[in-house]
$ cat work_34.csv   # CSV, C-alpha atoms
chain,number,residue,atom,x,y,z
A,17,VAL,CA,6.0,-22.0,-26.4
A,18,LYS,CA,2.5,-20.7,-26.7
A,19,ARG,CA,1.9,-17.5,-28.8
A,20,VAL,CA,-0.6,-15.1,-27.2
A,21,ALA,CA,-2.2,-11.9,-28.6
A,22,VAL,CA,-3.1,-9.2,-26.2
A,23,VAL,CA,-5.5,-6.6,-27.7
A,24,GLY,CA,-5.0,-3.3,-26.0
A,25,GLY,CA,-2.0,-1.5,-24.6
A,26,GLY,CA,-3.6,0.0,-21.5
A,27,VAL,CA,-3.1,-0.9,-17.9
A,28,ALA,CA,-4.8,-4.3,-18.2
A,29,GLY,CA,-3.1,-5.2,-21.4
A,30,LEU,CA,0.4,-4.3,-20.2
A,31,GLN,CA,0.0,-6.3,-16.9
A,32,THR,CA,-1.3,-9.3,-18.8
A,33,ALA,CA,1.6,-9.2,-21.2
A,34,ARG,CA,4.1,-8.8,-18.3
A,35,ALA,CA,2.5,-11.8,-16.5
A,36,LEU,CA,2.5,-14.1,-19.6
A,37,SER,CA,6.0,-13.1,-20.7
A,38,ARG,CA,7.3,-14.1,-17.2
A,39,ARG,CA,5.9,-17.5,-17.8
A,40,GLY,CA,7.7,-17.9,-21.1
A,41,LYS,CA,4.9,-17.1,-23.5
A,42,ASP,CA,5.5,-15.4,-26.8
A,43,VAL,CA,3.3,-12.2,-26.4
A,44,VAL,CA,2.3,-9.7,-29.0
A,45,ILE,CA,0.3,-6.6,-27.9
A,46,PHE,CA,-1.8,-4.9,-30.5
A,47,GLU,CA,-2.3,-1.2,-29.8
A,48,LYS,CA,-4.3,0.9,-32.3
A,49,SER,CA,-2.9,4.2,-31.0
A,50,ASP,CA,0.7,5.5,-31.0
A,51,ASN,CA,1.4,4.9,-27.3
A,52,VAL,CA,0.6,2.9,-24.3
A,53,GLY,CA,-1.8,4.0,-21.5
A,54,GLY,CA,-5.3,3.5,-22.8
A,55,VAL,CA,-7.6,6.1,-21.3
A,56,TRP,CA,-4.7,7.8,-19.5
A,57,LYS,CA,-3.0,8.7,-22.8
A,58,ALA,CA,-5.6,11.4,-23.5
A,59,ASN,CA,-8.8,12.3,-21.8
A,60,TYR,CA,-10.9,15.3,-20.7
A,61,ASP,CA,-9.5,18.6,-19.4
A,62,ALA,CA,-8.0,18.4,-16.0
A,63,PHE,CA,-8.6,14.7,-15.5
A,64,GLY,CA,-6.8,12.6,-13.0
A,65,LEU,CA,-7.0,10.0,-10.3
A,66,GLN,CA,-9.8,10.3,-7.7
A,67,VAL,CA,-7.9,8.0,-5.3
A,68,PRO,CA,-4.4,8.4,-3.8
A,69,LYS,CA,-1.6,7.1,-5.9
A,70,GLU,CA,-0.9,4.1,-3.6
A,71,LEU,CA,-4.4,2.8,-4.4
A,72,TYR,CA,-3.7,2.8,-8.2
A,73,GLU,CA,-0.3,1.3,-8.9
A,74,PHE,CA,1.3,-1.8,-10.3
A,75,PRO,CA,2.0,-4.2,-7.4
A,76,GLU,CA,5.6,-4.9,-8.5
A,77,PHE,CA,6.4,-1.4,-9.6
A,78,PRO,CA,5.4,1.4,-7.1
A,79,TYR,CA,5.6,5.0,-8.2
A,80,PRO,CA,9.4,5.6,-8.6
A,81,GLU,CA,10.9,7.6,-5.8
A,82,ASP,CA,13.2,9.6,-8.2
A,83,THR,CA,10.1,11.6,-9.2
A,84,GLN,CA,7.8,13.9,-7.2
A,85,TRP,CA,4.3,12.6,-7.6
A,86,SER,CA,1.1,14.3,-6.5
A,87,GLU,CA,-0.9,12.6,-3.8
A,88,PHE,CA,-3.8,12.5,-6.3
A,89,PRO,CA,-1.8,12.3,-9.6
A,90,SER,CA,-3.1,14.1,-12.7
A,91,GLY,CA,-3.8,12.3,-15.9
A,92,PRO,CA,-0.5,13.1,-17.5
A,93,GLU,CA,1.3,12.0,-14.3
A,94,VAL,CA,-0.4,8.6,-14.4
A,95,GLN,CA,0.5,8.3,-18.1
A,96,ARG,CA,4.2,9.0,-17.3
A,97,TYR,CA,4.0,6.3,-14.6
A,98,ILE,CA,2.5,3.8,-17.0
A,99,GLU,CA,5.3,4.5,-19.5
A,100,ARG,CA,7.9,4.1,-16.8
A,101,TYR,CA,6.4,0.6,-16.0
A,102,CYS,CA,6.5,-0.3,-19.7
A,103,GLU,CA,10.1,0.8,-20.0
A,104,HIS,CA,11.2,-0.9,-16.8
A,105,PHE,CA,10.0,-4.3,-17.9
A,106,GLY,CA,10.9,-3.9,-21.5
A,107,LEU,CA,7.3,-4.3,-22.7
A,108,LYS,CA,7.6,-2.0,-25.7
A,109,SER,CA,9.4,-4.6,-27.7
A,110,MET,CA,6.2,-6.7,-27.6
A,111,ILE,CA,3.9,-3.9,-28.8
A,112,ARG,CA,2.7,-3.2,-32.4
A,113,PHE,CA,1.6,0.4,-32.3
A,114,ASN,CA,-0.9,1.9,-34.7
A,115,THR,CA,-2.2,-1.6,-35.3
A,116,GLY,CA,-5.8,-2.6,-34.7
A,117,VAL,CA,-7.6,-5.9,-34.7
A,118,ALA,CA,-10.3,-6.0,-37.3
A,119,LYS,CA,-11.6,-9.5,-36.9
A,120,ILE,CA,-11.0,-12.7,-34.8
A,121,ASP,CA,-11.9,-16.1,-36.0
A,122,VAL,CA,-11.5,-19.6,-34.6
A,123,GLY,CA,-8.4,-21.3,-36.1
A,124,GLU,CA,-8.6,-24.3,-38.4
A,125,GLY,CA,-9.9,-27.4,-36.8
A,126,GLY,CA,-11.0,-25.4,-33.8
A,127,GLN,CA,-7.3,-24.9,-32.7
A,128,GLY,CA,-6.1,-21.5,-31.8
A,129,TRP,CA,-7.3,-18.2,-33.2
A,130,ARG,CA,-6.9,-16.3,-36.5
A,131,LEU,CA,-6.5,-12.5,-36.1
A,132,PHE,CA,-6.8,-10.0,-38.9
A,133,VAL,CA,-4.7,-7.0,-38.0
A,134,GLY,CA,-3.5,-3.9,-39.7
A,135,GLY,CA,-2.9,-0.1,-39.5
A,136,ARG,CA,-5.3,2.6,-40.6
A,137,GLY,CA,-5.8,2.4,-44.3
A,138,GLU,CA,-4.0,-0.9,-44.6
A,139,GLU,CA,-5.5,-4.2,-45.6
A,140,ALA,CA,-5.8,-6.5,-42.6
A,141,LYS,CA,-3.4,-9.4,-42.6
A,142,GLU,CA,-4.0,-12.7,-41.0
A,143,GLU,CA,-1.9,-14.0,-38.1
A,144,GLN,CA,-2.2,-17.2,-36.0
A,145,PHE,CA,-2.2,-17.3,-32.1
A,146,ASP,CA,-2.8,-20.0,-29.6
A,147,PHE,CA,-4.6,-17.6,-27.2
A,148,VAL,CA,-6.2,-14.1,-27.3
A,149,VAL,CA,-6.7,-11.8,-24.4
A,150,ILE,CA,-9.1,-8.9,-25.0
A,151,ALA,CA,-7.9,-6.0,-22.8
A,152,THR,CA,-9.7,-3.1,-24.5
A,153,GLY,CA,-11.2,-1.9,-21.2
A,154,MET,CA,-14.6,-0.5,-20.2
A,155,TYR,CA,-14.2,2.8,-21.9
A,156,GLY,CA,-13.6,1.9,-25.5
A,157,TRP,CA,-13.7,4.2,-28.5
A,158,PRO,CA,-15.8,5.7,-30.0
A,159,PRO,CA,-17.6,7.5,-27.2
A,160,HIS,CA,-21.4,7.4,-27.2
A,161,ILE,CA,-23.2,10.6,-28.1
A,162,PRO,CA,-27.0,10.3,-27.4
A,163,LYS,CA,-29.4,11.2,-30.1
A,164,VAL,CA,-31.3,14.3,-29.1
A,165,ARG,CA,-34.2,16.0,-31.0
A,166,GLY,CA,-33.2,19.2,-32.6
A,167,SER,CA,-29.6,18.3,-33.0
A,168,LYS,CA,-29.6,19.6,-36.6
A,169,ASP,CA,-30.9,23.0,-35.4
A,170,PHE,CA,-28.2,23.4,-32.7
A,171,GLN,CA,-25.6,26.0,-33.6
A,172,GLY,CA,-23.1,25.2,-30.8
A,173,ASP,CA,-20.4,22.6,-30.4
A,174,VAL,CA,-21.1,19.1,-29.0
A,175,TYR,CA,-18.5,17.1,-27.1
A,176,HIS,CA,-18.2,13.9,-25.2
A,177,SER,CA,-16.2,14.0,-22.0
A,178,ALA,CA,-13.7,11.6,-23.6
A,179,ASN,CA,-12.7,14.2,-26.2
A,180,PHE,CA,-13.3,17.4,-24.2
A,181,PHE,CA,-9.5,17.8,-24.1
A,182,ASP,CA,-9.1,21.6,-24.0
A,183,ALA,CA,-11.6,23.6,-21.9
A,184,SER,CA,-10.2,26.9,-23.2
A,185,VAL,CA,-12.7,26.5,-26.1
A,186,CYS,CA,-15.3,27.5,-23.5
A,187,LYS,CA,-13.9,31.0,-23.2
A,188,GLY,CA,-16.8,33.5,-23.2
A,189,LYS,CA,-19.4,30.8,-23.9
A,190,ASP,CA,-22.3,29.2,-22.0
A,191,VAL,CA,-21.5,25.5,-21.2
A,192,VAL,CA,-24.0,22.8,-20.4
A,193,VAL,CA,-22.8,19.4,-19.2
A,194,ILE,CA,-25.1,16.4,-19.2
A,195,GLY,CA,-24.5,13.7,-16.5
A,196,GLY,CA,-24.2,13.1,-12.8
A,197,GLY,CA,-20.9,11.1,-12.5
A,198,LYS,CA,-17.4,12.1,-11.8
A,199,SER,CA,-16.5,13.0,-15.4
A,200,ALA,CA,-19.5,15.3,-15.7
A,201,VAL,CA,-18.7,17.1,-12.5
A,202,ASP,CA,-15.1,17.6,-13.6
A,203,ASN,CA,-16.3,18.9,-17.0
A,204,ALA,CA,-18.7,21.4,-15.3
A,205,VAL,CA,-15.9,22.7,-13.1
A,206,SER,CA,-13.6,23.1,-16.2
A,207,GLY,CA,-16.4,24.9,-18.0
A,208,ALA,CA,-16.9,27.3,-15.2
A,209,ARG,CA,-13.2,28.1,-15.0
A,210,HIS,CA,-13.0,29.0,-18.7
A,211,GLY,CA,-16.5,29.8,-19.8
A,212,ASN,CA,-19.2,32.5,-19.3
A,213,SER,CA,-21.5,30.1,-17.4
A,214,SER,CA,-21.6,26.4,-16.6
A,215,THR,CA,-24.6,24.3,-15.9
A,216,LEU,CA,-24.7,20.6,-14.8
A,217,VAL,CA,-27.8,18.8,-15.8
A,218,PHE,CA,-28.3,15.5,-14.0
A,219,ARG,CA,-31.1,12.9,-13.5
A,220,SER,CA,-29.9,11.4,-10.3
A,221,ALA,CA,-27.6,12.8,-7.6
A,222,HIS,CA,-24.8,10.5,-6.4
A,223,TRP,CA,-23.0,10.7,-3.0
A,224,PRO,CA,-19.7,12.6,-3.2
A,225,VAL,CA,-16.9,11.3,-1.0
A,226,PRO,CA,-14.4,13.8,0.5
A,227,ARG,CA,-10.7,13.1,0.2
A,228,ARG,CA,-10.5,13.5,4.0
A,229,LEU,CA,-13.3,12.5,6.3
A,230,LEU,CA,-14.2,15.4,8.6
A,231,ASN,CA,-11.4,17.2,6.7
A,232,PHE,CA,-8.9,15.1,8.7
A,233,VAL,CA,-9.0,11.3,8.2
A,234,PRO,CA,-8.0,10.0,4.7
A,235,PHE,CA,-11.1,8.5,3.1
A,236,LYS,CA,-9.2,5.3,2.3
A,237,TRP,CA,-9.1,4.4,6.0
A,238,GLY,CA,-12.9,4.4,6.0
A,239,THR,CA,-13.9,3.0,2.6
A,240,TYR,CA,-10.9,0.8,1.7
A,241,SER,CA,-10.4,-0.8,5.0
A,242,ARG,CA,-11.7,-4.1,6.6
A,243,PHE,CA,-13.9,-2.0,8.8
A,244,GLY,CA,-15.5,-0.2,5.9
A,245,HIS,CA,-16.1,-3.4,4.0
A,246,PHE,CA,-17.5,-5.1,7.0
A,247,MET,CA,-20.1,-2.3,7.3
A,248,LEU,CA,-21.3,-2.9,3.8
A,249,PRO,CA,-24.5,-4.9,3.1
A,250,THR,CA,-23.9,-8.7,2.9
A,251,TYR,CA,-25.4,-10.0,-0.3
A,252,PHE,CA,-24.3,-13.6,-1.0
A,253,ASP,CA,-21.5,-16.1,-0.9
A,254,VAL,CA,-21.0,-15.9,2.8
A,255,THR,CA,-21.0,-18.6,5.5
A,256,ASP,CA,-24.0,-19.0,7.8
A,257,THR,CA,-21.9,-17.7,10.6
A,258,ALA,CA,-21.0,-14.5,8.8
A,259,TRP,CA,-24.6,-14.1,7.7
A,260,TYR,CA,-25.7,-14.4,11.3
A,261,PHE,CA,-23.3,-11.7,12.6
A,262,HIS,CA,-24.2,-9.3,9.8
A,263,SER,CA,-27.9,-9.9,10.5
A,264,VAL,CA,-27.5,-9.2,14.2
A,265,LEU,CA,-25.5,-6.1,13.6
A,266,ALA,CA,-27.7,-4.8,10.8
A,267,PRO,CA,-29.2,-2.0,13.0
A,268,LEU,CA,-25.8,-0.8,14.0
A,269,LYS,CA,-24.6,-0.9,10.3
A,270,TRP,CA,-27.7,1.1,9.3
A,271,ALA,CA,-27.0,3.7,11.9
A,272,TRP,CA,-23.4,3.9,10.9
A,273,TRP,CA,-24.2,4.8,7.3
A,274,ARG,CA,-26.8,7.4,8.3
A,275,ILE,CA,-24.0,9.1,10.3
A,276,VAL,CA,-21.7,8.9,7.3
A,277,GLU,CA,-24.4,10.5,5.1
A,278,LEU,CA,-24.9,13.3,7.6
A,279,MET,CA,-21.1,13.9,7.7
A,280,PHE,CA,-20.9,14.1,3.9
A,281,ARG,CA,-24.0,16.3,3.7
A,282,VAL,CA,-22.3,18.8,6.0
A,283,GLN,CA,-18.9,18.6,4.3
A,284,PHE,CA,-20.4,19.2,0.8
A,285,GLY,CA,-23.4,21.3,1.8
A,286,LEU,CA,-25.8,18.9,0.1
A,287,LYS,CA,-29.5,19.9,0.0
A,288,GLY,CA,-32.4,19.9,-2.3
A,289,ASP,CA,-31.9,18.1,-5.6
A,290,LEU,CA,-28.2,17.6,-4.9
A,291,LEU,CA,-29.1,15.3,-1.9
A,292,PRO,CA,-29.0,11.7,-3.2
A,293,LYS,CA,-32.1,9.6,-2.8
A,294,SER,CA,-30.2,6.3,-2.7
A,295,ARG,CA,-28.5,5.1,0.5
A,296,ILE,CA,-24.8,5.8,0.5
A,297,GLU,CA,-23.9,2.1,1.2
A,298,HIS,CA,-25.6,1.2,-2.1
A,299,ASP,CA,-24.3,4.1,-4.1
A,300,VAL,CA,-20.8,4.7,-3.1
A,301,PHE,CA,-19.1,1.8,-4.9
A,302,SER,CA,-21.2,2.3,-8.1
A,303,GLY,CA,-22.2,5.9,-8.6
A,304,GLY,CA,-20.1,7.6,-5.8
A,305,GLN,CA,-17.3,10.0,-6.6
A,306,ILE,CA,-14.3,11.1,-4.6
A,307,LEU,CA,-14.2,14.9,-5.0
A,308,ASN,CA,-12.2,17.9,-3.7
A,309,TYR,CA,-14.2,21.0,-2.9
A,310,ASN,CA,-14.0,22.8,-6.3
A,311,PHE,CA,-17.6,21.9,-7.4
A,312,ARG,CA,-19.0,22.6,-4.0
A,313,ASP,CA,-17.3,26.0,-3.8
A,314,MET,CA,-18.3,27.0,-7.3
A,315,LEU,CA,-21.9,26.1,-6.6
A,316,LYS,CA,-21.8,28.4,-3.6
A,317,GLU,CA,-20.2,31.2,-5.6
A,318,GLY,CA,-22.7,30.8,-8.4
A,319,LYS,CA,-20.0,29.9,-10.9
A,320,VAL,CA,-21.7,26.5,-11.6
A,321,LYS,CA,-25.4,25.7,-11.6
A,322,ALA,CA,-26.8,22.2,-11.0
A,323,VAL,CA,-30.2,21.4,-12.5
A,324,LYS,CA,-32.1,18.1,-12.1
A,325,GLY,CA,-33.7,17.1,-15.3
A,326,SER,CA,-33.4,15.5,-18.7
A,327,ILE,CA,-33.0,16.9,-22.2
A,328,GLU,CA,-36.1,17.3,-24.2
A,329,ARG,CA,-34.6,18.8,-27.3
A,330,LEU,CA,-32.0,21.2,-28.6
A,331,HIS,CA,-32.6,24.6,-30.2
A,332,HIS,CA,-30.5,27.2,-32.0
A,333,LYS,CA,-28.5,28.4,-29.0
A,334,HIS,CA,-30.1,26.7,-26.0
A,335,VAL,CA,-31.0,23.3,-24.4
A,336,GLU,CA,-34.6,22.6,-23.5
A,337,LEU,CA,-35.3,20.3,-20.6
A,338,GLN,CA,-38.4,18.0,-20.2
A,339,ASP,CA,-39.9,20.5,-17.7
A,340,GLY,CA,-39.7,23.3,-20.2
A,341,THR,CA,-36.6,24.9,-18.6
A,342,LYS,CA,-34.4,26.5,-21.3
A,343,LEU,CA,-30.6,26.8,-20.7
A,344,PRO,CA,-28.4,29.0,-22.9
A,345,CYS,CA,-25.8,26.8,-24.5
A,346,ASP,CA,-22.9,27.3,-26.9
A,347,ILE,CA,-21.0,24.2,-25.8
A,348,LEU,CA,-22.8,20.9,-24.9
A,349,VAL,CA,-20.8,18.2,-23.2
A,350,PHE,CA,-22.1,14.7,-22.6
A,351,GLY,CA,-20.3,13.5,-19.5
$ encode --input "work_34.csv" --output "structure tokens"
Amino acid sequence: VKRVAVVGGGVAGLQTARALSRRGKDVVIFEKSDNVGGVWKANYDAFGLQVPKELYEFPEFPYPEDTQWSEFPSGPEVQRYIERYCEHFGLKSMIRFNTGVAKIDVGEGGQGWRLFVGGRGEEAKEEQFDFVVIATGMYGWPPHIPKVRGSKDFQGDVYHSANFFDASVCKGKDVVVIGGGKSAVDNAVSGARHGNSSTLVFRSAHWPVPRRLLNFVPFKWGTYSRFGHFMLPTYFDVTDTAWYFHSVLAPLKWAWWRIVELMFRVQFGLKGDLLPKSRIEHDVFSGGQILNYNFRDMLKEGKVKAVKGSIERLHHKHVELQDGTKLPCDILVFG
């Protein structure tokens, strides 16, 4: 029986452990926190899935019917679902909580792996494994806080979206969020709900995707369907026949995506700096974001401001952009 170490108790780590244990492997999961879930265990205020729950579930364990789940589950709902998966398949017996991996070396004679593991404040102890799976994910800790001139002069509070847990800290304060992705947009909305003002500063606008196309058709039927993928640009690894058909139909595909852009422009009221420069077929699967209308409506009502630009430096109680614009700021969030 092969002994396998899985580093990380998030979605990927748990599925890996489940698959290996079914094949008779002796699996140990090292999780440095006190619970499973990874990024779903704790994240920014009001975080959640941007896709319907059926597009984010374990294939062999759909969302249990004995619980009422939201169509777009919140972060805590997803966390409960992951815990149910873990309990259903008895994975907790494989997990060593509050245990991190400090170092990994090749085993003696080039056979297997030596892991040095331990809890906080403990001396790392060596253990031997035949294989190691790194399942720490894309959004590992610690979060990156950019270095900005004038940081020592700034009298406000600085957060990263990953630890912006409670937006009530914004009460009565001016909030500035840096970033143009989904997390930044969500943080700006939370800041507006709780704070005195909320400003989103972004360098590049990305295409927002509505949950329902034309407020009627679920977006998954357009983007996560064979039709939607057929309409994407063809890059490589296709047969000559497929390349021929995509080339012949290129003008039709181009026209289709311009219609989609027009539809989204109308649904979200995109104009000026908020109108993305990139084509939606290039942006939607990398920088695109599936949104409800909270951000759009708050922009219309003036509860949120969106400013295109980059930070030049920080001052006592405001943020200065490269074009000289100065924004009042008590709380700065890097999203």
$ closest_residue --input "work_34.csv" --among "A:Ala221, A:Val335, A:Val67, A:Val192" --to "Ser86 of chain A" --atoms "all atoms listed in the file"
A:Val67
$ closest_residue --input "work_34.csv" --among "A:Phe170, A:Phe181, A:Tyr240, A:Phe311" --to "His331 of chain A" --atoms "all atoms listed in the file"
A:Phe170
$ residues_around --input "work_34.csv" --residues "Lys168 of chain A" --least-positions-apart "4" --cutoff "12 Å" --atoms "all atoms listed in the file" --output "PyMOL selection string"
chain A and resi 163-164+172-174+329-333
$ residues_around --input "work_34.csv" --residues "Gln283 of chain A" --least-positions-apart "6" --cutoff "9 Å" --atoms "all atoms listed in the file" --output "MDAnalysis selection string"
chainID A and resid 226 229:231 309
$ closest_residue --input "work_34.csv" --among "A:Asp169, A:Asp299, A:Asp190, A:Asp289" --to "Val225 of chain A" --atoms "all atoms listed in the file"
A:Asp299
$ residues_around --input "work_34.csv" --residues "Asp202 of chain A" --least-positions-apart "5" --cutoff "12 Å" --atoms "only C-alpha atoms" --output "PyMOL selection string"
chain A and resi 59-66+177-178+180-181+183+193-197+207-209+214-216+305-312+314+320+349-351
$ closest_residue --input "work_34.csv" --among "A:Met279, A:Lys342, A:Arg227, A:Val217" --to "Glu87 of chain A" --atoms "only C-alpha atoms"
A:Arg227
